[in-house]
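Colleague: Sending over a structure as structure tokens; questions will come in a sec.
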Amino acid sequence: MALSQNDILRALELVKLPASGQSLAASGRVGDILIDGGKVIFAIAIDATEAGAMEPVRKAAESAVGGIPGVTQVLVGLTGERAPSRAAAPSPAMQARQQAHGPGGAVPKPAGIPGVKQIIAVASGKGGVGKSTTTANLAVGLATLGLKVGVLDADIYGPSVPKIFGVTGKPRLVSGRTLAPMEAYGLKIMSIGFLIDEETPMIWRGPMVISAITQMLREVAWGELDVLVVDMPPGTGDAQLTMAQQTPLAGAVIVSTPQDLALLDARRGVAMFRRVEVPILGIVENMSYFVCPACGHRSDIFAHGGARHEAERLGVPFLGEIPLAMPIRETSDGGRPIVASDPDSAHAKAYVALARQVKAGLSGPARAAPRIVIE
């Protein structure tokens, strides 16, 4: 017999909240329950101050649901996204303050990941700007500079990191729920793409996405890393904001193409990270221009220089220009990031220069960076 939401809720009747003794099922804290064969995913709504006290409840919920016949995997997360209460709504100013800093305006201190020294986000205000390709080549570039690097593909709706690195298969369990990351080109890699079929649509609501990202961050045996590079979902919604608030990010790299429409979204990305006090390591202008391989003629297909001007306007470093180039596309499609597969090429050197600037930004105060231009 197929699993139903009622089966899950009956199991959660056995899980009690520590303060009230009320069952989790009756508390109204359980979000939408996703059932995919034997996999069950849901989130438990909490306030920011309850995170420590509710972790045993999360584990108990996983255990209770995991004991249901037919359940093969359970993913349960804690999320701050809750249905509106009947209490009086806070003022707009208080809402903004709470969204940025939690209840009372105090800045929450997110827990780090054991063994991981620094975490950086590679983000974009919109999809289709080459964020994942930039993430992959930046990560390989950081590794060539002598750092121990991991990559987390947090783009739940469009996980492309497995393809870019040419990695297939599924991670193995190390112990309990902890997964061993996959490895390629000297990097440790984790993605939701390793855990689902390639053609499975990800029709998850915000709390499910947050839960999956949190578990890939904290239930993976990353080992000792100097830098964990996170390929963020595009946009500036709840998943991005929660990731920025709940993860001790050392900085963010914003990827944009030069045209005005992309820059509008990049501007929102910068504003979001600033709002949650994450340093901006800089803006990259991807697909900056195209040089015809046959005749050498240069075309500014998406305009040119917009990201540099935007970085100057916003007072953040400009990290350089990466062209729209067939070798970058071919190596990404082929699972061979160009920094690894053709390290002596001009394109690979541009990514390594980008990595060098990011590394410098992590070790000291951000400062204006020189342009990277490939002629």
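Residues are named by chain letter and number: chains run A, B, ... in the order of the structure tokens, numbers start at 1 in each chain, and ligands are numbered from 1 in the order shown.
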May I have all residues of segment 127-303 of chain A that DSSP, computed from the backbone, assigns to alpha helix (DSSP H), given as an MDAnalysis selection string?
Modeller: chainID A and resid 131:144 161:165 206:218 238:246 260:275
Colleague: Going by DSSP on the backbone, which bits of segment 194-335 of chain A are strand (DSSP E or B)? Write them as an MDAnalysis selection string, please.
Modeller: chainID A and resid 220 225:231 249:256 280:285 290:291 298:299 301 303 318:321
Colleague: Only N, CA and C atoms, please: the residues just picked out, written as an mmCIF file, in the first residue's frame.
Modeller:
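Result file follows (again_27.cif):
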```cif
data_model
loop_
_atom_site.group_PDB
_atom_site.id
_atom_site.type_symbol
_atom_site.label_atom_id
_atom_site.label_comp_id
_atom_site.auth_asym_id
_atom_site.auth_seq_id
_atom_site.Cartn_x
_atom_site.Cartn_y
_atom_site.Cartn_z
ATOM 1 N N VAL A 220 27.234 15.957 5.663
ATOM 2 C CA VAL A 220 28.215 15.462 4.694
ATOM 3 C C VAL A 220 29.579 15.484 5.369
ATOM 4 N N LEU A 225 38.596 21.350 5.080
ATOM 5 C CA LEU A 225 38.560 22.195 3.895
ATOM 6 C C LEU A 225 38.978 23.618 4.253
ATOM 7 N N ASP A 226 39.718 24.234 3.342
ATOM 8 C CA ASP A 226 40.002 25.661 3.504
ATOM 9 C C ASP A 226 38.806 26.494 3.065
ATOM 10 N N VAL A 227 38.157 26.050 1.977
ATOM 11 C CA VAL A 227 37.030 26.805 1.434
ATOM 12 C C VAL A 227 35.966 25.839 0.923
ATOM 13 N N LEU A 228 34.716 26.105 1.258
ATOM 14 C CA LEU A 228 33.576 25.421 0.658
ATOM 15 C C LEU A 228 32.861 26.434 -0.223
ATOM 16 N N VAL A 229 32.811 26.151 -1.521
ATOM 17 C CA VAL A 229 32.179 27.054 -2.483
ATOM 18 C C VAL A 229 30.753 26.574 -2.725
ATOM 19 N N VAL A 230 29.786 27.422 -2.473
ATOM 20 C CA VAL A 230 28.376 27.051 -2.582
ATOM 21 C C VAL A 230 27.776 27.677 -3.836
ATOM 22 N N ASP A 231 27.302 26.836 -4.741
ATOM 23 C CA ASP A 231 26.576 27.295 -5.926
ATOM 24 C C ASP A 231 25.135 27.541 -5.500
ATOM 25 N N LEU A 249 28.675 32.556 6.236
ATOM 26 C CA LEU A 249 29.323 32.860 4.960
ATOM 27 C C LEU A 249 30.435 33.891 5.159
ATOM 28 N N ALA A 250 31.606 33.583 4.589
ATOM 29 C CA ALA A 250 32.727 34.515 4.650
ATOM 30 C C ALA A 250 32.620 35.577 3.573
ATOM 31 N N GLY A 251 31.782 35.337 2.571
ATOM 32 C CA GLY A 251 31.625 36.312 1.508
ATOM 33 C C GLY A 251 30.810 35.750 0.369
ATOM 34 N N ALA A 252 30.436 36.636 -0.561
ATOM 35 C CA ALA A 252 29.630 36.235 -1.706
ATOM 36 C C ALA A 252 30.228 36.815 -2.981
ATOM 37 N N VAL A 253 30.211 35.991 -4.032
ATOM 38 C CA VAL A 253 30.597 36.416 -5.372
ATOM 39 C C VAL A 253 29.318 36.501 -6.202
ATOM 40 N N ILE A 254 29.067 37.635 -6.824
ATOM 41 C CA ILE A 254 27.865 37.834 -7.629
ATOM 42 C C ILE A 254 28.238 37.706 -9.103
ATOM 43 N N VAL A 255 27.523 36.834 -9.819
ATOM 44 C CA VAL A 255 27.762 36.627 -11.244
ATOM 45 C C VAL A 255 26.645 37.303 -12.028
ATOM 46 N N SER A 256 27.035 38.089 -13.035
ATOM 47 C CA SER A 256 26.043 38.760 -13.872
ATOM 48 C C SER A 256 26.553 38.822 -15.305
ATOM 49 N N ILE A 280 30.583 41.302 0.415
ATOM 50 C CA ILE A 280 30.564 41.092 -1.031
ATOM 51 C C ILE A 280 32.013 41.010 -1.510
ATOM 52 N N LEU A 281 32.424 39.837 -1.963
ATOM 53 C CA LEU A 281 33.789 39.664 -2.466
ATOM 54 C C LEU A 281 33.960 40.306 -3.832
ATOM 55 N N GLY A 282 32.865 40.469 -4.568
ATOM 56 C CA GLY A 282 32.952 41.161 -5.840
ATOM 57 C C GLY A 282 31.926 40.676 -6.842
ATOM 58 N N ILE A 283 31.909 41.356 -7.998
ATOM 59 C CA ILE A 283 31.007 41.025 -9.097
ATOM 60 C C ILE A 283 31.829 40.571 -10.293
ATOM 61 N N VAL A 284 31.379 39.488 -10.925
ATOM 62 C CA VAL A 284 32.008 38.966 -12.134
ATOM 63 C C VAL A 284 31.102 39.269 -13.322
ATOM 64 N N GLU A 285 31.680 39.779 -14.399
ATOM 65 C CA GLU A 285 30.916 39.960 -15.633
ATOM 66 C C GLU A 285 31.152 38.747 -16.527
ATOM 67 N N PHE A 290 32.209 38.280 -27.101
ATOM 68 C CA PHE A 290 32.467 37.088 -27.914
ATOM 69 C C PHE A 290 33.480 37.437 -29.000
ATOM 70 N N VAL A 291 34.508 36.603 -29.100
ATOM 71 C CA VAL A 291 35.495 36.761 -30.155
ATOM 72 C C VAL A 291 35.342 35.592 -31.121
ATOM 73 N N ARG A 298 35.439 40.793 -32.629
ATOM 74 C CA ARG A 298 34.829 40.831 -31.298
ATOM 75 C C ARG A 298 33.432 41.427 -31.374
ATOM 76 N N SER A 299 32.478 40.754 -30.699
ATOM 77 C CA SER A 299 31.101 41.240 -30.635
ATOM 78 C C SER A 299 30.668 41.300 -29.177
ATOM 79 N N ILE A 301 27.849 40.860 -27.423
ATOM 80 C CA ILE A 301 26.501 40.329 -27.641
ATOM 81 C C ILE A 301 25.530 40.823 -26.570
ATOM 82 N N ALA A 303 26.034 43.505 -24.602
ATOM 83 C CA ALA A 303 26.634 44.778 -24.205
ATOM 84 C C ALA A 303 27.950 44.478 -23.502
ATOM 85 N N PHE A 318 35.314 44.770 -8.467
ATOM 86 C CA PHE A 318 34.988 44.158 -9.760
ATOM 87 C C PHE A 318 36.026 43.066 -10.009
ATOM 88 N N LEU A 319 35.569 41.833 -10.174
ATOM 89 C CA LEU A 319 36.465 40.679 -10.227
ATOM 90 C C LEU A 319 36.901 40.300 -11.631
ATOM 91 N N GLY A 320 36.297 40.904 -12.660
ATOM 92 C CA GLY A 320 36.806 40.643 -13.993
ATOM 93 C C GLY A 320 35.761 40.248 -15.011
ATOM 94 N N GLU A 321 36.244 40.087 -16.247
ATOM 95 C CA GLU A 321 35.404 39.757 -17.391
ATOM 96 C C GLU A 321 35.745 38.355 -17.899
#
```
Colleague: Between A:Leu78, A:Ile113, A:Val30, A:Ile189, which is the closest to Thr49 of chain A once you count only C-alpha atoms?
Modeller: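 The shortest atom-to-atom distance to Thr49 of chain A comes from A:Leu78.
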Colleague: Please measure the separation of atom CA of Gly335 of chain A and atom CA of Ala180 of chain A, giving the value in Å to one decimal.
Modeller: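 Atom-to-atom, atom CA of Gly335 of chain A to atom CA of Ala180 of chain A, that is 20.6 Å.
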Colleague: Suppose you want the space between atom CA of Leu34 of chain A and atom CA of Val71 of chain A; what is it in Å?
Modeller: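 The value is 12.2 Å.
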Colleague: Calculate how many Å separate atom CA of Met208 of chain A from atom CA of Pro69 of chain A, rounding to one decimal.
Modeller: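 Interatomic distance, atom CA of Met208 of chain A to atom CA of Pro69 of chain A: 22.5 Å.
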